[in-house]
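Trainee: What follows is the file input-v6.txt, containing compact mmCIF, C-alpha atoms:
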# COMPACT_ATOMS: atom_id res chain seq x y z
CA MET A 357 -0.35 19.87 12.55
CA THR A 358 1.09 17.82 9.69
CA HIS A 359 4.07 15.70 10.63
CA THR A 360 6.92 16.46 8.28
CA THR A 361 9.50 14.14 9.84
CA PRO A 362 9.69 10.84 7.94
CA GLY A 363 9.75 7.85 10.24
CA PRO A 364 9.00 4.17 10.43
CA SER A 365 5.42 2.93 10.39
CA LEU A 366 4.72 1.97 14.00
CA HIS A 367 2.32 -0.95 14.16
CA GLY A 368 2.13 -4.57 15.20
CA ILE A 369 4.62 -6.16 17.54
CA ILE A 370 7.81 -4.17 18.11
CA ALA A 371 10.17 -6.34 20.13
CA THR A 372 12.88 -5.17 22.50
CA VAL A 373 16.30 -6.78 22.65
CA VAL A 374 18.35 -7.49 25.78
CA THR A 375 21.94 -6.29 26.13
CA PRO A 376 24.06 -9.33 27.09
CA PHE A 377 26.82 -8.68 29.62
CA ASP A 378 29.63 -10.91 30.85
CA GLU A 379 30.84 -11.36 34.45
CA ARG A 380 32.78 -8.07 34.25
CA GLY A 381 29.74 -6.13 33.04
CA GLU A 382 31.08 -5.82 29.49
CA ILE A 383 28.84 -6.11 26.42
CA VAL A 384 28.97 -9.47 24.63
CA GLU A 385 28.24 -8.49 21.04
CA GLU A 386 27.92 -11.98 19.54
CA LYS A 387 25.21 -12.91 22.04
CA LEU A 388 23.43 -9.65 21.18
CA ARG A 389 23.53 -10.53 17.50
CA GLU A 390 22.21 -14.03 18.25
CA GLU A 391 19.25 -12.53 20.07
CA VAL A 392 18.51 -10.23 17.13
CA ARG A 393 18.55 -13.20 14.79
CA CYS A 394 16.17 -15.07 17.08
CA LEU A 395 13.68 -12.21 17.23
CA LEU A 396 13.78 -11.75 13.46
CA GLU A 397 12.39 -15.27 13.09
CA ALA A 398 9.06 -13.96 14.45
CA ASP A 399 6.79 -11.63 12.50
CA ILE A 400 7.91 -8.50 14.36
CA THR A 401 7.59 -5.13 12.63
CA ALA A 402 10.50 -3.30 14.33
CA LEU A 403 13.14 -3.80 17.02
CA CYS A 404 14.09 -1.53 19.93
CA ALA A 405 17.58 -1.56 21.47
CA CYS A 406 18.80 0.13 24.66
CA GLY A 407 15.37 0.42 26.24
CA THR A 408 14.47 -0.86 29.70
CA THR A 409 14.75 -4.48 28.56
CA GLY A 410 18.14 -3.60 27.09
CA GLU A 411 19.23 -2.00 30.37
CA GLY A 412 19.70 1.28 28.53
CA ASN A 413 19.78 3.19 31.81
CA THR A 414 23.17 1.55 32.52
CA LEU A 415 24.75 2.32 29.14
CA THR A 416 27.03 5.19 28.22
CA ALA A 417 26.45 7.03 24.95
CA GLU A 418 29.34 5.09 23.41
CA GLU A 419 27.97 1.76 24.61
CA SER A 420 24.47 2.63 23.40
CA ALA A 421 25.90 3.46 19.98
CA ARG A 422 27.84 0.17 19.93
CA VAL A 423 24.69 -1.81 20.73
CA CYS A 424 22.56 0.03 18.16
CA ARG A 425 25.25 -0.28 15.51
CA ALA A 426 25.38 -4.06 15.99
CA VAL A 427 21.58 -4.36 15.91
CA VAL A 428 21.26 -2.20 12.79
CA ASP A 429 23.98 -4.24 11.10
CA GLU A 430 22.36 -7.56 12.02
CA VAL A 431 18.88 -6.44 10.96
CA ALA A 432 20.35 -5.34 7.60
CA GLY A 433 17.38 -3.22 6.60
CA ARG A 434 14.69 -5.86 7.06
CA ILE A 435 12.82 -3.87 9.72
CA PRO A 436 13.36 -0.50 11.42
CA VAL A 437 15.54 -0.27 14.52
CA ILE A 438 14.62 2.11 17.35
CA GLY A 439 17.29 3.36 19.76
CA GLY A 440 16.35 3.91 23.39
CA ILE A 441 17.55 6.76 25.59
CA ILE A 442 16.90 6.86 29.36
CA GLN A 443 18.58 10.03 30.63
CA ASN A 444 17.72 13.14 32.61
CA SER A 445 18.66 16.30 30.76
CA THR A 446 18.05 17.75 27.33
CA HIS A 447 21.81 18.16 26.85
CA THR A 448 22.57 14.50 27.60
CA VAL A 449 19.69 13.15 25.52
CA VAL A 450 20.85 15.19 22.54
CA GLU A 451 24.37 13.77 23.02
CA TYR A 452 23.01 10.21 23.04
CA GLY A 453 20.62 10.97 20.19
CA ARG A 454 23.36 12.22 17.89
CA ALA A 455 25.50 9.18 18.70
CA LEU A 456 22.61 6.83 17.90
CA LYS A 457 21.68 8.71 14.73
CA ASP A 458 25.14 7.93 13.38
CA THR A 459 24.44 4.18 13.78
CA GLY A 460 21.48 4.27 11.39
CA VAL A 461 18.55 3.87 13.79
CA ALA A 462 15.22 4.94 12.33
CA ALA A 463 13.82 6.60 15.48
CA LEU A 464 14.50 7.28 19.14
CA GLN A 465 12.54 6.12 22.19
CA ILE A 466 12.95 8.74 24.92
CA THR A 467 11.74 8.88 28.52
CA PRO A 468 10.62 12.14 30.10
CA VAL A 469 12.85 13.74 32.72
CA HIS A 470 12.31 11.77 35.93
CA TYR A 471 14.94 12.73 38.52
CA LEU A 472 13.37 13.50 41.92
CA TRP A 473 10.90 16.13 40.75
CA ASP A 474 8.06 16.26 38.24
CA PRO A 475 8.76 18.42 35.19
CA THR A 476 6.12 21.01 34.33
CA ASP A 477 3.84 20.50 31.36
CA ASP A 478 5.54 23.30 29.42
CA SER A 479 9.05 22.00 30.16
CA THR A 480 8.01 18.51 28.98
CA VAL A 481 6.81 19.90 25.66
CA GLU A 482 9.96 22.01 25.31
CA TYR A 483 12.14 18.98 26.17
CA TYR A 484 10.81 16.86 23.31
CA GLN A 485 10.70 19.81 20.92
CA GLU A 486 14.34 20.76 21.55
CA ILE A 487 15.55 17.15 21.25
CA GLY A 488 13.67 16.56 18.01
CA GLU A 489 15.01 19.75 16.47
CA ALA A 490 18.59 19.12 17.63
CA VAL A 491 18.85 15.46 16.61
CA GLY A 492 16.58 15.37 13.59
CA LEU A 493 15.16 11.88 14.13
CA PRO A 494 11.58 10.76 14.75
CA VAL A 495 10.79 10.41 18.45
CA ILE A 496 8.65 7.92 20.38
CA ILE A 497 7.67 9.15 23.84
CA TYR A 498 8.42 6.44 26.41
CA ASN A 499 5.73 7.15 29.02
CA VAL A 500 6.95 4.76 31.70
CA VAL A 501 8.18 6.57 34.80
CA PRO A 502 5.57 6.16 37.59
CA TRP A 503 6.25 9.51 39.29
CA ALA A 504 6.63 11.46 36.05
CA LEU A 505 3.85 10.14 33.82
CA ILE A 506 2.85 12.51 31.05
CA ARG A 507 -0.89 13.11 31.26
CA PRO A 508 -3.01 12.44 28.13
CA GLU A 509 -3.79 16.14 27.64
CA VAL A 510 -0.05 16.93 27.57
CA VAL A 511 0.56 14.02 25.19
CA SER A 512 -2.01 15.68 22.93
CA ARG A 513 0.20 18.78 22.83
CA LEU A 514 3.26 16.64 22.14
CA ALA A 515 1.45 14.89 19.29
CA ASP A 516 1.51 18.18 17.38
CA LEU A 517 5.32 18.33 17.40
CA PRO A 518 6.67 17.40 13.96
CA HIS A 519 9.27 14.92 15.24
CA VAL A 520 6.94 12.99 17.56
CA ILE A 521 5.54 9.90 15.79
CA GLY A 522 4.35 7.72 18.65
CA ILE A 523 3.94 7.05 22.34
CA LYS A 524 4.83 3.89 24.19
CA GLN A 525 2.31 3.84 27.03
CA SER A 526 3.95 1.77 29.75
CA GLY A 527 2.82 3.53 32.91
CA GLY A 528 -0.60 4.13 34.33
CA ASP A 529 -3.64 2.06 33.50
CA MET A 530 -6.12 1.16 30.79
CA HIS A 531 -8.07 4.36 31.45
CA LYS A 532 -5.08 6.44 30.30
CA LEU A 533 -4.48 4.17 27.31
CA ALA A 534 -8.13 4.48 26.29
CA ASP A 535 -7.91 8.26 26.56
CA LEU A 536 -4.73 8.34 24.47
CA ILE A 537 -6.26 6.21 21.72
CA THR A 538 -9.17 8.64 21.54
CA LEU A 539 -7.06 11.80 21.81
CA VAL A 540 -4.00 11.19 19.64
CA SER A 541 -4.11 7.95 17.63
CA ASP A 542 -5.18 9.89 14.53
CA ARG A 543 -1.91 11.87 14.76
CA ILE A 544 0.66 9.52 16.29
CA ALA A 545 0.86 5.79 16.97
CA VAL A 546 -0.28 4.62 20.40
CA LEU A 547 1.72 1.55 21.39
CA ALA A 548 0.76 -0.66 24.32
CA ALA A 549 3.43 -1.57 26.83
CA VAL A 550 1.50 -2.73 29.89
CA ASP A 551 2.52 -6.28 29.13
CA ASP A 552 -0.38 -8.16 30.71
CA LEU A 553 -2.97 -6.04 28.86
CA HIS A 554 -1.97 -6.27 25.21
CA TYR A 555 -5.11 -8.21 24.32
CA PRO A 556 -7.59 -5.54 25.52
CA ALA A 557 -5.28 -2.77 24.29
CA PHE A 558 -5.37 -4.16 20.75
CA VAL A 559 -9.16 -4.52 20.91
CA LEU A 560 -9.43 -0.89 22.03
CA GLY A 561 -7.46 0.22 18.99
CA ALA A 562 -3.81 0.50 19.99
CA GLN A 563 -1.73 0.42 16.81
CA GLY A 564 0.61 -2.17 18.27
CA ALA A 565 2.90 -2.94 21.20
CA LEU A 566 6.46 -1.99 22.04
CA ALA A 567 7.19 -3.97 25.15
CA ALA A 568 9.24 -6.51 27.08
CA ILE A 569 7.03 -9.59 26.84
CA PRO A 570 7.51 -10.05 23.06
CA THR A 571 11.23 -10.44 23.83
CA VAL A 572 10.34 -13.61 25.74
CA THR A 573 7.31 -14.71 23.68
CA PRO A 574 7.84 -13.27 20.18
CA HIS A 575 5.82 -15.89 18.31
CA LEU A 576 2.93 -15.90 20.80
CA SER A 577 2.83 -12.09 20.85
CA THR A 578 2.74 -11.74 17.08
CA ALA A 579 0.07 -14.45 16.91
CA LEU A 580 -1.98 -12.50 19.48
CA TRP A 581 -1.74 -9.32 17.41
CA ASP A 582 -2.68 -11.17 14.23
CA ALA A 583 -5.67 -12.85 15.90
CA VAL A 584 -7.12 -9.53 17.05
CA GLN A 585 -6.58 -7.96 13.62
CA ARG A 586 -8.56 -10.71 11.91
CA GLY A 587 -11.30 -10.59 14.54
CA ASP A 588 -10.62 -14.00 16.08
CA LEU A 589 -11.06 -12.90 19.68
CA ALA A 590 -11.41 -16.45 20.99
CA LYS A 591 -7.95 -17.31 19.68
CA ALA A 592 -6.61 -13.99 20.94
CA ARG A 593 -7.89 -14.71 24.44
CA GLU A 594 -6.35 -18.18 24.36
CA LEU A 595 -2.97 -16.65 23.45
CA HIS A 596 -3.39 -13.96 26.12
CA GLU A 597 -3.96 -16.67 28.71
CA SER A 598 -0.75 -18.42 27.63
CA ILE A 599 1.30 -15.22 27.83
CA LEU A 600 -0.15 -13.85 31.07
CA PRO A 601 1.42 -16.40 33.50
CA ILE A 602 4.82 -15.85 31.86
CA TRP A 603 4.58 -12.13 32.43
CA ARG A 604 3.47 -12.68 36.03
CA ALA A 605 6.52 -14.89 36.54
CA ILE A 606 9.05 -12.38 35.18
CA ASP A 607 7.49 -9.10 36.32
CA GLY A 608 9.19 -7.40 39.25
CA PRO A 609 12.10 -5.23 40.38
CA ASN A 610 14.75 -7.68 39.14
CA GLN A 611 13.29 -7.73 35.63
CA PRO A 612 16.50 -7.58 33.56
CA ALA A 613 17.56 -10.80 35.29
CA THR A 614 14.17 -12.52 35.05
CA ILE A 615 13.88 -11.77 31.34
CA LYS A 616 17.35 -13.18 30.71
CA GLU A 617 16.50 -16.27 32.75
CA ALA A 618 13.34 -16.77 30.67
CA LEU A 619 15.51 -16.64 27.56
CA ARG A 620 18.01 -19.12 29.01
CA LEU A 621 15.21 -21.56 29.82
CA GLN A 622 14.24 -21.44 26.14
CA GLY A 623 17.77 -22.23 24.97
CA ARG A 624 18.70 -18.61 24.30
CA ASP A 625 21.67 -16.78 25.82
CA GLY A 626 21.01 -13.17 26.82
CA GLY A 627 24.09 -13.06 29.02
CA LEU A 628 24.10 -11.67 32.54
CA PRO A 629 22.36 -8.55 33.85
CA ARG A 630 24.57 -5.60 34.69
CA ARG A 631 25.28 -5.03 38.37
CA PRO A 632 23.77 -4.15 40.76
CA VAL A 633 21.02 -6.36 39.30
CA SER A 634 21.66 -9.91 40.46
CA PRO A 635 20.94 -13.19 38.65
CA VAL A 636 17.71 -14.87 39.70
CA THR A 637 17.43 -17.30 42.59
CA PRO A 638 16.61 -20.99 41.99
CA GLU A 639 13.10 -20.35 43.32
CA VAL A 640 12.46 -17.60 40.77
CA SER A 641 13.93 -19.74 38.00
CA ASP A 642 11.52 -22.55 38.93
CA ARG A 643 8.59 -20.13 38.82
CA ILE A 644 9.56 -18.92 35.35
CA ALA A 645 10.18 -22.47 34.13
CA ARG A 646 6.70 -23.58 35.20
CA ALA A 647 5.07 -20.70 33.33
CA LEU A 648 7.10 -21.36 30.18
CA ASP A 649 6.33 -25.07 30.39
CA ARG A 650 2.57 -24.42 30.52
CA ALA A 651 2.92 -22.39 27.32
CA GLY A 652 5.04 -25.07 25.62
CA LEU A 653 8.16 -22.88 25.57
CA LEU A 654 10.44 -24.65 28.03
CA THR A 655 13.27 -26.21 26.02
CA ALA A 656 16.39 -25.92 28.16
CA GLY A 657 17.67 -25.82 31.72
CA ARG A 658 15.41 -28.60 33.01
Let me see the structure of the file written as structure tokens.

Mentor:
Amino acid sequence: MTHTTPGPSLHGIIATVVTPFDERGEIVEEKLREEVRCLLEADITALCACGTTGEGNTLTAEESARVCRAVVDEVAGRIPVIGGIIQNSTHTVVEYGRALKDTGVAALQITPVHYLWDPTDDSTVEYYQEIGEAVGLPVIIYNVVPWALIRPEVVSRLADLPHVIGIKQSGGDMHKLADLITLVSDRIAVLAAVDDLHYPAFVLGAQGALAAIPTVTPHLSTALWDAVQRGDLAKARELHESILPIWRAIDGPNQPATIKEALRLQGRDGGLPRRPVSPVTPEVSDRIARALDRAGLLTAGR
């Protein structure tokens, strides 16, 4: 099926942006704008707000729109902005989607339904079809939820929907990513998001990455992508081996806090995580600092 919905070209390194909060859990817009400016200094091809890194699951529709509006304004047309939605009903996603559309985002990143039970294959297809038709924006499937992963054969059905332009493959393993590249990459973009496997994903043929680690290592991540594209696999492996310990240091259940600590240790201010996520312990901060130092990225806090 020919895709009739115009959308951004999804390729290369698409960075995610944190949502800075203060001690009361309120959004700190100036710190958000500073982070956008920092990421724009790297050779990223698009920016995603209100995803997992942006703690989008904690944001109301109004807050999500405020964040996306600030990001779109700060980007000022230089690259596309993608708005994330992490909700659990068609009705609510459409509400969020319409609010984000008004901010000027170029596309939406949307998780499947993931509350308690697995949706059926048919209901998953209907979910994305109804949202695309109701909102009228291009959609990137955010295939991240461990107990509700969309199987490659169902993604192939979704790839025929006119509003679907890509899939962010965060859950599962390299076997599923390899299958997706074979099954759907001629119809939609397959974006890697298993952060420690970007190097092999790019070699396999993923069109890019939309993930958390470029938030922390934007210049290293874009250099990794560029190295693979020009066939310099030795350089790409060297960059992979610099990034990997950083991801190992920040990966875990407290990830919004660990990512923000990794930013702080580089002289950036991503604010606080939103409760109930707690700031990192001194031991975790030391672990992150050591990994950043090995990669030559430690510039503050020590």

Trainee: What is the CA of Gln611 (chain A)-CA of Ala426 (chain A) distance in Å, reported with one decimal?

Mentor: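 Separation between CA of Gln611 (chain A) and CA of Ala426 (chain A): 23.4 Å.
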
Trainee: Pick from A:Val491, A:Leu472, A:Leu464, A:Arg389: nearest to Ala432 (chain A), with all atoms listed in the file counted?

Mentor: A:Arg389

Trainee: Write out as an MDAnalysis selection string the residues lying within 9 Å of Leu514 (chain A), counting all atoms listed in the file and excluding same-chain residues fewer than 3 positions away.

Mentor: chainID A and resid 480:481 484:485 497 509:511 517:518 520

Trainee: Within 9 Å of region 524-537 of chain A, which residues of region 562-589 of chain A come that close, and what is the closest atom pair and distance in Å for each? Count only C-alpha atoms and give it as a tab-separated table.

Mentor:
residue	atom	partner	partner_atom	distance
A:Ala562	CA	A:Ile537	CA	6.4
A:Gln563	CA	A:Ile537	CA	8.8
A:Ala565	CA	A:Lys524	CA	7.7
A:Leu566	CA	A:Lys524	CA	6.5
A:Ala567	CA	A:Ser526	CA	8.0

Trainee: Expressed in Å to a single decimal, how great is the separation between CA of Thr573 (chain A) and CA of Ala398 (chain A)?

Mentor: 9.4 Å

Trainee: Please compute the CA of Leu589 (chain A)-CA of Leu648 (chain A) distance, one decimal, in Å.

Mentor: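 If I compute the distance from CA of Leu589 (chain A) to CA of Leu648 (chain A), I get 22.6 Å.
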
Trainee: Check the smallest atom-to-atom distance from each of A:Arg630, A:His596, A:His470, A:Lys591 to Pro570 (chain A) using only C-alpha atoms, then report the winner.

Mentor: A:His596

Trainee: Given all atoms listed in the file as the basis, pick out the residue of A:Ile521, A:Leu553, A:Val636, A:Ala417 nearest to Val540 (chain A).

Mentor: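 Using all atoms listed in the file, the shortest distance to Val540 (chain A) belongs to A:Ile521.
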
Trainee: Taking all atoms of region 569-587 of chain A that the file lists and extending 4 Å past them on each side, where is the centre of the axis-aligned box and how long are its edges? Answer in Å to one decimal, as lines of an AutoDock Vina configuration file.

Mentor:
center_x = 0.0
center_y = -11.9
center_z = 19.4
size_x = 30.5
size_y = 15.9
size_z = 22.9

Trainee: Using all atoms listed in the file, which of the listed residues (A:Thr372, A:Thr401, A:Thr614, A:Thr446) sits closest to Arg434 (chain A)?

Mentor: A:Thr401

Trainee: I'd like the contact shell of His367 (chain A) - 12 Å cut-off, only C-alpha atoms, skipping same-chain residues fewer than 4 positions apart - returned as a list in words.

Mentor: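 Once the adjacent positions are removed, what remains is Ala371, Asp399, Ile400, Thr401, Ala402, Leu403, Ile435, Pro436, Ile521, Gly522, Ile523, Lys524, Ser541, Ile544, Ala545, Val546, Leu547, Ala548, Phe558, Gly561, Ala562, Gln563, Gly564, Ala565, Leu566, Thr578, Trp581, Asp582 and Gln585 of chain A.
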
Trainee: Kindly export the residues of the current selection with C-alpha atoms, as a PDB file, in the coordinates of the input.

Mentor:
ATOM      1  CA  ALA A 371      10.170  -6.340  20.130  1.00  0.00           C
ATOM      2  CA  ASP A 399       6.790 -11.630  12.500  1.00  0.00           C
ATOM      3  CA  ILE A 400       7.910  -8.500  14.360  1.00  0.00           C
ATOM      4  CA  THR A 401       7.590  -5.130  12.630  1.00  0.00           C
ATOM      5  CA  ALA A 402      10.500  -3.300  14.330  1.00  0.00           C
ATOM      6  CA  LEU A 403      13.140  -3.800  17.020  1.00  0.00           C
ATOM      7  CA  ILE A 435      12.820  -3.870   9.720  1.00  0.00           C
ATOM      8  CA  PRO A 436      13.360  -0.500  11.420  1.00  0.00           C
ATOM      9  CA  ILE A 521       5.540   9.900  15.790  1.00  0.00           C
ATOM     10  CA  GLY A 522       4.350   7.720  18.650  1.00  0.00           C
ATOM     11  CA  ILE A 523       3.940   7.050  22.340  1.00  0.00           C
ATOM     12  CA  LYS A 524       4.830   3.890  24.190  1.00  0.00           C
ATOM     13  CA  SER A 541      -4.110   7.950  17.630  1.00  0.00           C
ATOM     14  CA  ILE A 544       0.660   9.520  16.290  1.00  0.00           C
ATOM     15  CA  ALA A 545       0.860   5.790  16.970  1.00  0.00           C
ATOM     16  CA  VAL A 546      -0.280   4.620  20.400  1.00  0.00           C
ATOM     17  CA  LEU A 547       1.720   1.550  21.390  1.00  0.00           C
ATOM     18  CA  ALA A 548       0.760  -0.660  24.320  1.00  0.00           C
ATOM     19  CA  PHE A 558      -5.370  -4.160  20.750  1.00  0.00           C
ATOM     20  CA  GLY A 561      -7.460   0.220  18.990  1.00  0.00           C
ATOM     21  CA  ALA A 562      -3.810   0.500  19.990  1.00  0.00           C
ATOM     22  CA  GLN A 563      -1.730   0.420  16.810  1.00  0.00           C
ATOM     23  CA  GLY A 564       0.610  -2.170  18.270  1.00  0.00           C
ATOM     24  CA  ALA A 565       2.900  -2.940  21.200  1.00  0.00           C
ATOM     25  CA  LEU A 566       6.460  -1.990  22.040  1.00  0.00           C
ATOM     26  CA  THR A 578       2.740 -11.740  17.080  1.00  0.00           C
ATOM     27  CA  TRP A 581      -1.740  -9.320  17.410  1.00  0.00           C
ATOM     28  CA  ASP A 582      -2.680 -11.170  14.230  1.00  0.00           C
ATOM     29  CA  GLN A 585      -6.580  -7.960  13.620  1.00  0.00           C
TER      30      GLN A 585
END

Trainee: Tell me which of A:Val633, A:Leu539, A:Ala647, A:Val384 sits closest to Pro601 (chain A), counting only C-alpha atoms.

Mentor: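 Looking at the shortest contact to Pro601 (chain A), the residue is A:Ala647.
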
Trainee: Find the residues around Leu619 (chain A) up to 9 Å (only C-alpha atoms counted), leave out those fewer than 5 positions away in its own chain, and share them as a PDB file with C-alpha atoms, keeping the file's coordinate frame.

Mentor:
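Output file result.pdb is given in full below:
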ATOM      1  CA  THR A 571      11.230 -10.440  23.830  1.00  0.00           C
ATOM      2  CA  VAL A 572      10.340 -13.610  25.740  1.00  0.00           C
ATOM      3  CA  THR A 614      14.170 -12.520  35.050  1.00  0.00           C
ATOM      4  CA  ARG A 624      18.700 -18.610  24.300  1.00  0.00           C
ATOM      5  CA  ASP A 625      21.670 -16.780  25.820  1.00  0.00           C
ATOM      6  CA  GLY A 626      21.010 -13.170  26.820  1.00  0.00           C
TER       7      GLY A 626
END

Trainee: Rank nothing, just name the residue among A:Gly460, A:Gly587, A:Gly453, A:Gly407 nearest to Asp429 (chain A), using all atoms listed in the file.

Mentor: A:Gly460

Trainee: Please identify all polymer residues within 10 Å of Glu386 (chain A), counting all atoms listed in the file, omitting same-chain residues fewer than 4 positions from it, and present them as a short mmCIF file (atom, residue, chain, number, x, y, z; two decimals) with C-alpha atoms, in the frame of the given file.

Mentor:
data_model
loop_
_atom_site.label_atom_id
_atom_site.label_comp_id
_atom_site.auth_asym_id
_atom_site.auth_seq_id
_atom_site.Cartn_x
_atom_site.Cartn_y
_atom_site.Cartn_z
CA PRO A 376 24.06 -9.33 27.09
CA GLU A 390 22.21 -14.03 18.25
CA GLU A 391 19.25 -12.53 20.07
CA VAL A 392 18.51 -10.23 17.13
CA ALA A 426 25.38 -4.06 15.99
#

Trainee: Just want the 9 Å neighbourhood of Thr459 (chain A), counted on all atoms listed in the file, with same-chain residues fewer than 3 positions away dropped. Output as a ChimeraX atom specification.

Mentor: /A:421-422,424-426,428-429,455-456
